[in-house]
file run-v7.cif (mmCIF, C-alpha atoms and all ligand atoms)
data_query
loop_
_atom_site.label_atom_id
_atom_site.label_comp_id
_atom_site.auth_asym_id
_atom_site.auth_seq_id
_atom_site.Cartn_x
_atom_site.Cartn_y
_atom_site.Cartn_z
CA MET A 59 -69.74 -21.58 -25.03
CA ALA A 60 -68.32 -21.40 -28.55
CA ARG A 61 -64.71 -21.04 -29.68
CA TYR A 62 -63.50 -18.93 -32.57
CA ALA A 63 -60.27 -18.32 -34.49
CA LEU A 64 -59.60 -15.08 -36.32
CA LEU A 65 -57.01 -14.99 -39.07
CA THR A 66 -55.58 -11.50 -39.42
CA ALA A 67 -54.88 -9.83 -42.76
CA PRO A 68 -51.25 -10.40 -43.79
CA SER A 69 -50.99 -6.74 -44.79
CA SER A 70 -51.72 -5.59 -41.24
CA ASN A 71 -48.93 -7.82 -39.97
CA ARG A 72 -46.62 -6.02 -42.37
CA VAL A 73 -47.77 -2.59 -41.16
CA TYR A 74 -47.57 -3.22 -37.47
CA THR A 75 -44.89 -5.95 -37.52
CA GLN A 76 -44.24 -7.13 -33.96
CA SER A 77 -47.13 -5.15 -32.47
CA ALA A 78 -49.74 -6.67 -34.83
CA PRO A 79 -51.09 -9.44 -32.56
CA ASP A 80 -51.45 -7.05 -29.60
CA LEU A 81 -53.20 -4.41 -31.68
CA VAL A 82 -55.66 -6.89 -33.15
CA ALA A 83 -56.37 -8.28 -29.68
CA ALA A 84 -56.90 -4.74 -28.33
CA GLU A 85 -59.33 -3.90 -31.15
CA LEU A 86 -61.19 -7.18 -30.68
CA SER A 87 -61.58 -6.47 -27.00
CA VAL A 88 -63.07 -3.00 -27.73
CA PHE A 89 -65.53 -4.61 -30.17
CA GLY A 90 -66.44 -7.19 -27.53
CA GLU A 91 -66.99 -4.66 -24.77
CA ARG A 92 -68.73 -1.92 -26.71
CA ALA A 93 -70.69 -3.71 -29.44
CA LEU A 94 -71.12 -7.30 -28.25
CA GLU A 95 -72.26 -6.75 -24.65
CA GLY A 96 -69.00 -8.04 -23.18
CA ARG A 97 -69.58 -11.53 -24.58
CA LEU A 98 -66.02 -12.12 -25.79
CA GLU A 99 -63.52 -13.73 -23.46
CA PRO A 100 -59.95 -12.39 -23.69
CA ALA A 101 -58.23 -13.63 -26.85
CA GLU A 102 -54.90 -15.41 -27.15
CA THR A 103 -52.67 -16.13 -30.10
CA VAL A 104 -52.54 -19.82 -31.05
CA GLU A 105 -50.68 -21.41 -33.93
CA PHE A 106 -52.46 -23.84 -36.26
CA ALA A 107 -50.49 -25.44 -39.09
CA GLY A 108 -47.78 -22.79 -38.78
CA LEU A 109 -50.10 -19.74 -38.89
CA PRO A 110 -51.00 -17.56 -35.90
CA TYR A 111 -54.70 -17.11 -35.15
CA LEU A 112 -56.39 -15.04 -32.48
CA VAL A 113 -58.52 -17.49 -30.53
CA PHE A 114 -61.38 -16.45 -28.26
CA GLU A 115 -64.50 -17.86 -26.68
CA THR A 116 -67.94 -16.38 -26.18
CA GLU A 117 -70.06 -16.33 -23.09
CA GLY A 118 -73.70 -17.32 -23.45
CA GLY A 119 -73.88 -19.14 -26.75
CA PRO A 120 -72.48 -18.75 -30.24
CA LEU A 121 -72.21 -15.43 -32.08
CA SER A 122 -75.40 -14.37 -33.84
CA ASP A 123 -75.56 -13.29 -37.47
CA ASP A 124 -75.56 -9.60 -36.50
CA GLU A 125 -72.64 -10.12 -34.13
CA LEU A 126 -70.70 -11.73 -36.97
CA ARG A 127 -71.54 -8.74 -39.17
CA VAL A 128 -70.19 -6.44 -36.48
CA LEU A 129 -66.93 -8.41 -36.22
CA ALA A 130 -66.54 -8.36 -40.01
CA ASN A 131 -65.50 -4.71 -39.66
CA LEU A 132 -62.38 -5.38 -37.57
CA SER A 133 -59.58 -3.43 -39.25
CA SER A 134 -57.20 -6.38 -39.39
CA GLY A 135 -59.66 -9.25 -39.68
CA TYR A 136 -59.31 -11.52 -42.68
CA ALA A 137 -61.26 -14.71 -41.99
CA LEU A 138 -63.23 -15.99 -39.02
CA PHE A 139 -63.75 -19.63 -38.10
CA GLU A 140 -65.69 -21.49 -35.49
CA VAL A 141 -63.40 -24.09 -33.93
CA THR A 142 -64.70 -27.46 -32.77
CA GLY A 143 -62.64 -30.18 -31.20
CA ASP A 144 -58.97 -29.36 -31.19
CA ASP A 145 -58.65 -27.95 -34.66
CA LEU A 146 -61.74 -28.32 -36.84
CA PHE A 147 -62.33 -24.96 -38.56
CA ARG A 148 -65.69 -23.90 -39.97
CA PRO A 149 -65.63 -20.62 -41.93
CA ILE A 150 -68.40 -18.39 -40.57
CA GLY A 151 -67.47 -14.83 -41.60
CA ARG A 152 -70.28 -12.55 -42.80
CA PRO A 153 -70.09 -9.40 -44.94
CA GLY A 154 -69.48 -6.23 -42.97
CA LEU A 155 -70.49 -2.66 -43.74
CA ASP A 156 -68.30 -2.24 -46.84
CA ARG A 157 -70.38 -1.05 -49.75
CA PHE A 158 -67.77 -0.18 -52.38
CA ASP A 159 -64.76 -1.85 -54.00
CA ASP A 160 -61.74 -1.57 -51.74
CA ASP A 161 -59.71 0.36 -54.33
CA LEU A 162 -61.62 3.43 -53.06
CA ILE A 163 -59.18 3.25 -50.18
CA THR A 164 -56.10 1.71 -51.75
CA ILE A 165 -55.64 3.50 -55.11
CA GLN A 166 -54.32 6.81 -53.84
CA LYS A 167 -50.62 6.71 -52.98
CA TYR A 168 -48.77 9.77 -51.73
CA ALA A 169 -46.22 10.87 -49.17
CA GLY A 170 -47.94 11.55 -45.86
CA LYS A 171 -50.85 9.15 -46.42
CA THR A 172 -52.04 7.64 -43.17
CA ASN A 173 -51.92 3.87 -43.26
CA GLU A 174 -55.32 2.50 -44.28
CA HIS A 175 -55.47 -0.22 -41.64
CA PHE A 176 -54.58 2.23 -38.93
CA THR A 177 -57.21 4.70 -40.18
CA LYS A 178 -59.87 2.00 -40.06
CA LEU A 179 -58.75 0.94 -36.59
CA LEU A 180 -58.91 4.51 -35.30
CA LEU A 181 -62.34 5.11 -36.86
CA ASN A 182 -63.65 1.81 -35.44
CA VAL A 183 -62.55 2.35 -31.86
CA THR A 184 -63.74 5.96 -31.92
CA VAL A 185 -67.19 5.03 -33.21
CA LEU A 186 -67.32 2.30 -30.54
CA ALA A 187 -66.65 4.95 -27.88
CA THR A 188 -69.80 6.91 -28.82
CA SER A 189 -73.21 6.46 -27.24
CA TRP A 190 -74.28 4.79 -30.49
CA ALA A 191 -71.81 1.88 -30.46
CA ASP A 192 -74.72 -0.57 -30.50
CA GLN A 193 -75.91 1.00 -33.76
CA LEU A 194 -72.77 0.22 -35.76
CA LEU A 195 -74.77 -1.70 -38.36
CA THR A 196 -77.72 0.66 -38.60
CA ARG A 197 -76.77 4.30 -37.94
CA ARG A 198 -75.49 6.58 -40.65
CA PHE A 199 -72.67 8.24 -38.71
CA THR A 200 -71.31 11.67 -39.64
CA VAL A 201 -67.52 11.59 -39.47
CA LEU A 202 -65.23 14.63 -39.44
CA ASP A 203 -61.51 14.47 -40.15
CA PRO A 204 -60.27 17.95 -39.23
CA VAL A 205 -56.77 17.33 -40.72
CA ALA A 206 -58.04 15.38 -43.71
CA GLY A 207 -55.06 15.35 -46.11
CA ARG A 208 -56.16 13.47 -49.22
CA GLY A 209 -59.01 11.75 -47.51
CA THR A 210 -58.07 8.32 -46.11
CA THR A 211 -60.58 8.77 -43.25
CA LEU A 212 -63.19 10.25 -45.57
CA ASN A 213 -62.92 7.25 -47.89
CA GLN A 214 -63.22 4.79 -45.01
CA ALA A 215 -66.35 6.59 -43.79
CA LEU A 216 -67.84 6.48 -47.32
CA MET A 217 -66.93 2.80 -47.54
CA TYR A 218 -69.07 2.18 -44.45
CA GLY A 219 -72.00 4.04 -46.01
CA TRP A 220 -71.64 7.08 -43.74
CA ASP A 221 -71.37 10.84 -44.33
CA ALA A 222 -67.93 12.45 -44.19
CA VAL A 223 -66.56 15.95 -43.72
CA GLY A 224 -62.91 16.95 -43.99
CA ILE A 225 -61.00 20.13 -43.23
CA GLU A 226 -57.60 20.57 -44.86
CA LEU A 227 -55.39 23.62 -45.11
CA ASP A 228 -53.40 22.53 -48.14
CA GLY A 229 -55.22 23.43 -51.36
CA LYS A 230 -53.19 20.87 -53.30
CA ASP A 231 -54.62 18.08 -51.15
CA VAL A 232 -58.17 19.35 -51.66
CA GLU A 233 -57.60 19.41 -55.43
CA ALA A 234 -55.98 15.99 -55.55
CA TYR A 235 -58.74 14.40 -53.47
CA SER A 236 -61.60 15.93 -55.43
CA ALA A 237 -59.99 14.87 -58.72
CA PHE A 238 -59.51 11.34 -57.40
CA LEU A 239 -63.03 10.91 -56.06
CA LYS A 240 -64.71 12.31 -59.16
CA THR A 241 -62.72 10.01 -61.44
CA TRP A 242 -63.30 7.00 -59.21
CA LEU A 243 -67.08 7.56 -59.01
CA LYS A 244 -67.29 7.93 -62.79
CA ARG A 245 -65.17 4.87 -63.47
CA LYS A 246 -67.32 2.77 -61.12
CA ARG A 247 -70.49 4.20 -62.71
CA ILE A 248 -71.84 5.23 -59.32
CA LYS A 249 -74.59 7.87 -59.42
CA HIS A 250 -73.35 11.13 -57.92
CA THR A 251 -73.09 14.88 -58.16
CA ALA A 252 -69.83 16.69 -57.38
CA GLU A 253 -68.89 20.35 -57.34
CA ILE A 254 -66.20 22.73 -56.19
CA THR A 255 -67.45 26.10 -54.93
CA PRO A 256 -65.90 28.97 -52.96
CA LEU A 257 -65.83 28.54 -49.19
CA ARG A 258 -66.85 31.75 -47.45
CA ARG A 259 -67.18 32.98 -43.89
CA GLU A 260 -69.04 36.21 -43.17
CA GLY A 261 -68.86 37.09 -46.84
CA LYS A 262 -65.08 36.64 -46.97
CA ARG A 263 -63.59 33.99 -49.24
CA LEU A 264 -61.49 31.47 -47.27
CA GLY A 265 -60.71 28.88 -49.91
CA ARG A 266 -62.69 26.23 -51.78
CA ARG A 267 -65.02 23.45 -50.82
CA PHE A 268 -65.64 20.17 -52.55
CA ASP A 269 -69.05 18.55 -52.15
CA ALA A 270 -70.15 15.19 -53.48
CA ARG A 271 -73.49 13.45 -53.10
CA ILE A 272 -73.16 9.76 -53.72
CA GLY A 273 -76.05 7.47 -54.56
CA ASP A 274 -79.54 7.87 -55.94
CA VAL A 275 -81.18 11.18 -54.99
CA ARG A 276 -84.35 9.30 -54.05
CA GLU A 277 -82.47 7.30 -51.44
CA GLN A 278 -80.73 9.95 -49.34
CA PRO A 279 -77.33 10.01 -51.02
CA GLN A 280 -74.20 9.97 -48.85
CA HIS A 281 -72.71 13.43 -48.43
CA LEU A 282 -69.00 14.14 -48.61
CA ALA A 283 -67.56 17.61 -48.06
CA LEU A 284 -63.91 18.67 -48.00
CA LEU A 285 -63.29 22.25 -46.85
CA GLU A 286 -60.06 24.09 -47.61
CA ALA A 287 -59.57 25.88 -44.31
CA ASP A 288 -57.50 26.21 -41.17
CA THR A 289 -58.71 23.68 -38.64
CA THR A 290 -57.77 25.95 -35.72
CA SER A 291 -60.59 28.25 -36.74
CA THR A 292 -63.71 26.23 -37.54
CA ARG A 293 -66.14 28.91 -36.39
CA GLY A 294 -68.95 29.36 -38.89
CA LEU A 295 -67.77 26.53 -41.15
CA LEU A 296 -70.03 23.77 -39.88
CA LYS A 297 -73.06 23.57 -37.62
CA GLY A 298 -72.40 23.01 -33.91
CA ASN A 299 -73.40 19.60 -32.49
CA SER A 300 -73.59 18.14 -35.99
CA ILE A 301 -70.75 15.60 -35.94
CA ASP A 302 -70.92 12.10 -34.41
CA VAL A 303 -67.26 11.20 -34.64
CA ILE A 304 -64.03 13.14 -35.12
CA VAL A 305 -61.01 11.17 -36.31
CA ALA A 306 -57.64 12.86 -36.68
CA ASP A 307 -54.23 11.59 -37.65
CA LEU A 308 -52.45 14.65 -36.32
CA PRO A 309 -49.28 15.88 -37.96
CA TYR A 310 -46.53 14.02 -36.14
CA GLY A 311 -44.16 16.90 -35.75
CA VAL A 312 -41.64 14.88 -37.78
CA VAL A 313 -42.53 14.33 -41.42
CA HIS A 314 -45.15 17.05 -41.79
CA GLY A 315 -44.92 20.33 -40.03
CA SER A 316 -48.42 21.41 -39.20
CA ARG A 317 -49.25 24.86 -40.40
CA THR A 318 -51.66 27.55 -39.37
CA GLY A 319 -53.13 30.40 -41.37
CA LYS A 320 -50.31 32.56 -40.08
CA GLY A 321 -47.85 30.36 -41.90
CA LEU A 322 -46.08 29.33 -38.70
CA ALA A 323 -44.93 25.82 -38.00
CA ARG A 324 -46.88 24.18 -35.19
CA GLY A 325 -46.27 21.00 -33.27
CA PRO A 326 -49.20 18.61 -32.81
CA GLN A 327 -49.66 19.74 -29.22
CA GLU A 328 -50.02 23.37 -30.17
CA LEU A 329 -52.32 22.53 -33.07
CA LEU A 330 -54.49 20.47 -30.73
CA GLU A 331 -54.57 23.21 -28.12
CA GLU A 332 -55.75 25.76 -30.67
CA SER A 333 -58.23 23.43 -32.36
CA LEU A 334 -59.94 21.55 -29.53
CA PRO A 335 -62.44 24.23 -28.48
CA GLY A 336 -63.74 24.44 -32.07
CA TRP A 337 -63.73 20.67 -32.63
CA THR A 338 -65.53 20.01 -29.35
CA ALA A 339 -68.27 22.48 -30.27
CA LEU A 340 -68.90 20.54 -33.50
CA LEU A 341 -69.36 17.20 -31.72
CA ARG A 342 -72.83 16.07 -30.71
CA PRO A 343 -73.18 15.07 -27.05
CA GLY A 344 -72.60 11.30 -27.04
CA GLY A 345 -70.07 11.65 -29.85
CA ALA A 346 -66.35 10.87 -29.61
CA LEU A 347 -63.00 12.15 -30.79
CA GLY A 348 -60.17 9.77 -31.63
CA MET A 349 -56.67 10.71 -32.67
CA SER A 350 -53.23 9.33 -33.19
CA TRP A 351 -50.51 10.64 -30.94
CA ASN A 352 -46.75 10.48 -31.34
CA THR A 353 -45.50 9.81 -27.83
CA HIS A 354 -41.97 10.83 -28.88
CA VAL A 355 -43.21 14.41 -29.33
CA ALA A 356 -45.22 14.71 -26.11
CA PRO A 357 -46.41 12.38 -23.36
CA ARG A 358 -49.86 10.86 -23.71
CA GLU A 359 -50.85 12.46 -20.38
CA ASP A 360 -50.37 15.95 -21.85
CA ALA A 361 -52.87 15.20 -24.58
CA LEU A 362 -55.29 13.63 -22.10
CA ASP A 363 -55.10 16.77 -19.95
CA LEU A 364 -55.92 18.90 -22.98
CA LEU A 365 -58.92 16.73 -23.84
CA GLU A 366 -60.23 16.98 -20.30
CA GLU A 367 -59.66 20.74 -20.13
CA ASN A 368 -61.99 20.95 -23.12
CA GLY A 369 -64.74 19.07 -21.32
CA LEU A 370 -64.14 15.71 -22.99
CA GLU A 371 -64.03 12.46 -21.02
CA ALA A 372 -61.05 10.23 -21.83
CA VAL A 373 -61.85 6.62 -22.72
CA ASP A 374 -59.45 4.14 -21.15
CA TYR A 375 -58.47 2.08 -24.17
CA GLU A 376 -55.26 0.14 -23.73
CA GLY A 377 -52.85 -1.81 -25.89
CA PHE A 378 -52.77 0.41 -28.97
CA GLU A 379 -49.30 1.89 -28.60
CA HIS A 380 -46.91 0.77 -31.35
CA ARG A 381 -43.71 1.78 -33.06
CA VAL A 382 -44.02 3.20 -36.57
CA ASP A 383 -40.39 4.11 -37.20
CA GLN A 384 -37.45 5.68 -35.41
CA GLY A 385 -39.17 9.05 -34.96
CA ILE A 386 -42.74 7.89 -34.35
CA ASN A 387 -44.13 5.85 -31.51
CA ARG A 388 -47.85 5.96 -32.15
CA ASP A 389 -50.65 5.70 -29.65
CA ILE A 390 -54.40 6.24 -29.86
CA LEU A 391 -56.32 8.70 -27.72
CA VAL A 392 -60.09 8.61 -27.56
CA ALA A 393 -62.45 10.84 -25.60
CA ARG A 394 -66.17 11.39 -25.60
CA LYS A 395 -68.42 14.40 -25.22
CA VAL A 396 -70.90 13.71 -22.45
C1 LIG A 401 -50.76 13.34 -40.94
S1 LIG A 401 -51.51 14.31 -42.20
C2 LIG A 401 -53.07 13.51 -42.41
C3 LIG A 401 -53.09 12.65 -43.62
C4 LIG A 401 -54.45 12.09 -43.93
N1 LIG A 401 -54.98 11.27 -42.85
C5 LIG A 401 -54.33 11.26 -45.21
O1 LIG A 401 -54.21 10.02 -45.12
O2 LIG A 401 -54.29 11.85 -46.28
C6 LIG A 401 -51.93 15.80 -41.39
C7 LIG A 401 -52.59 16.82 -42.29
O3 LIG A 401 -52.90 17.96 -41.50
C8 LIG A 401 -52.87 19.10 -42.34
N2 LIG A 401 -52.81 20.29 -41.49
C9 LIG A 401 -51.79 20.73 -40.73
N3 LIG A 401 -52.11 21.86 -40.08
C10 LIG A 401 -53.38 22.15 -40.45
C11 LIG A 401 -54.29 23.22 -40.12
N4 LIG A 401 -53.93 24.20 -39.29
N5 LIG A 401 -55.52 23.19 -40.66
C12 LIG A 401 -55.90 22.20 -41.50
N6 LIG A 401 -55.09 21.17 -41.85
C13 LIG A 401 -53.85 21.16 -41.34
C14 LIG A 401 -51.62 18.86 -43.19
O4 LIG A 401 -51.65 19.65 -44.37
C15 LIG A 401 -51.73 17.35 -43.45
O5 LIG A 401 -52.40 17.11 -44.65
#
call {"tool": "encode", "arguments": {"input": "run-v7.cif", "output": "structure tokens", "more": "lines below"}}
Ligand SMILES: C[S@@+](CC[C@H](N)C(=O)[O-])C[C@H]1O[C@@H](n2cnc3c(N)ncnc32)[C@H](O)[C@@H]1O
result
Amino acid sequence: MARYALLTAPSSNRVYTQSAPDLVAAELSVFGERALEGRLEPAETVEFAGLPYLVFETEGGPLSDDELRVLANLSSGYALFEVTGDDLFRPIGRPGLDRFDDDLITIQKYAGKTNEHFTKLLLNVTVLATSWADQLLTRRFTVLDPVAGRGTTLNQALMYGWDAVGIELDGKDVEAYSAFLKTWLKRKRIKHTAEITPLRREGKRLGRRFDARIGDVREQPQHLALLEADTTSTRGLLKGNSIDVIVADLPYGVVHGSRTGKGLARGPQELLEESLPGWTALLRPGGALGMSWNTHVAPREDALDLLEENGLEAVDYEGFEHRVDQGINRDILVARKV
């Protein structure tokens, strides 16, 4: 049996304030169950020299190198130590999946941006709900954000070395994101191609699409696509069964109104109801959908019913509910396509 202490990133404590320790513990437990064969014992918060650490033990020997590389991707992890005796700390963290500078995710600032830590948390627990959770370090996942905004999820997927597709109705967001990514790739001198072309369905022009291929052409570059379209009508936009993971920070029904092609305001529930059949068809069997849910707007059970009506199987993650502000009490819902 080995004992470990995880120091969480100070920034995530700022984001989640009082809920931070519970959220980190909940994420750690999903990692333990889904990617580390249930080897992690439940964690508890312990103070050492005035700082709180999440302390846990492993069953069946110390964490292997690969297991440490898996844990390096925790959204709020900062430093990991092996603890011997009462309080002897040995730093043992390993590099995770990150393959670019973190300013890919932090540079863009705009109203309506989903918090970066939360986005990473949601992507992590959704990927860990798929049938390929044990391939976190090796599989190139294809991630879809069907309400992509200016690309926080897309950037996190790229950061992990994966392919990313976004759908966003607002042309200004598509423009801002494509301008950002092109400039960033140039500034970092990363090999790529990038183009904006018309997006058509059955010969009719819907909007634009932005495509980037990142990396050397001889080494299967990462593909990023952002489609300017209404997410309630994805028919003909993407191939069915082509997406491993869908991650959506739905409009909360507070700050953003969600919109449809008809120009009508929609609450998150209505948007979800209209979109789920299309989203589900895009998911590969074994894939998973994860989304944020404002429980002030509608009870969690309503969303779970909708997921199940669309043939998805809810995953019973617990401990992720937290307060964002007066109008938003955020929870995470994850379901898989069997
Ligand atoms: C909460 S924001 C997501 C922000 C994004 N995660 C980011 O960090 O940039 C929700 C997004 O959904 C988009 N949206 C709302 N209704 C939509 C629809 N019918 N089709 C496509 N996008 C829609 C909004 O324009 C908004 O950008």
call {"tool": "residues_near_ligand", "arguments": {"input": "run-v7.cif", "ligand": "ligand LIG 401 (chain A)", "cutoff": "6 Å", "atoms": "all atoms listed in the file", "output": "ChimeraX atom specification"}}
result
/A:170-172,205-210,225-228,287-290,307-309,316-318
call {"tool": "closest_residue", "arguments": {"input": "run-v7.cif", "among": "A:Tyr375, A:Asp269, A:Lys262, A:Arg381", "to": "A:Leu86", "atoms": "all atoms listed in the file"}}
result
A:Tyr375
call {"tool": "atom_distance", "arguments": {"input": "run-v7.cif", "atom1": "atom CA of A:Leu216", "atom2": "atom CA of A:Ala252"}}
result
14.5 Å
call {"tool": "axis_aligned_box", "arguments": {"input": "run-v7.cif", "around": "stretch 363-371 of chain A", "padding_each_side": "6 Å", "output": "JSON"}}
result
{"center_x": -59.9, "center_y": 16.7, "center_z": -21.9, "size_x": 21.6, "size_y": 20.5, "size_z": 15.9}
call {"tool": "closest_residue", "arguments": {"input": "run-v7.cif", "among": "A:Leu202, A:Asp360, A:Trp220, A:Leu334", "to": "A:Leu285", "atoms": "all atoms listed in the file"}}
result
A:Leu202
call {"tool": "atom_distance", "arguments": {"input": "run-v7.cif", "atom1": "atom CA of A:Gln193", "atom2": "atom CA of A:Ala60"}}
result
24.2 Å
call {"tool": "closest_atom_pairs", "arguments": {"input": "run-v7.cif", "of": "stretch 87-121 of chain A", "to": "stretch 77-81 of chain A", "cutoff": "10 Å", "atoms": "only C-alpha atoms", "output": "tab-separated table"}}
result
residue	atom	partner	partner_atom	distance
A:Ser87	CA	A:Leu81	CA	9.8
A:Ala101	CA	A:Asp80	CA	9.8
A:Glu102	CA	A:Pro79	CA	8.9
A:Thr103	CA	A:Pro79	CA	7.3
A:Pro110	CA	A:Pro79	CA	8.8
A:Tyr111	CA	A:Pro79	CA	8.9
A:Leu112	CA	A:Pro79	CA	7.7
call {"tool": "closest_residue", "arguments": {"input": "run-v7.cif", "among": "A:Ser70, A:Leu126, A:Thr116, A:Asn213", "to": "A:Thr164", "atoms": "only C-alpha atoms"}}
result
A:Asn213
call {"tool": "residues_around", "arguments": {"input": "run-v7.cif", "residues": "A:Val141", "least_positions_apart": "4", "cutoff": "6 Å", "atoms": "all atoms listed in the file", "output": "list in words"}}
result
Arg61, Tyr62, Leu146 and Phe147 of chain A
call {"tool": "residues_near_point", "arguments": {"input": "run-v7.cif", "point": "(-64.6, 1.4, -54.7)", "cutoff": "10 Å", "atoms": "only C-alpha atoms", "output": "VMD selection string"}}
result
chain A and resid 156 to 165 213 216 to 217 239 242 to 243 245 to 246 248
call {"tool": "atom_distance", "arguments": {"input": "run-v7.cif", "atom1": "atom CA of A:Leu296", "atom2": "atom CA of A:His175"}}
result
28.1 Å
call {"tool": "closest_residue", "arguments": {"input": "run-v7.cif", "among": "A:Gly224, A:Arg152, A:Ile254, A:Glu174", "to": "A:Lys240", "atoms": "only C-alpha atoms"}}
result
A:Ile254
call {"tool": "closest_residue", "arguments": {"input": "run-v7.cif", "among": "A:Arg293, A:Arg358, A:Arg197, A:Arg267", "to": "A:Asn387", "atoms": "all atoms listed in the file"}}
result
A:Arg358
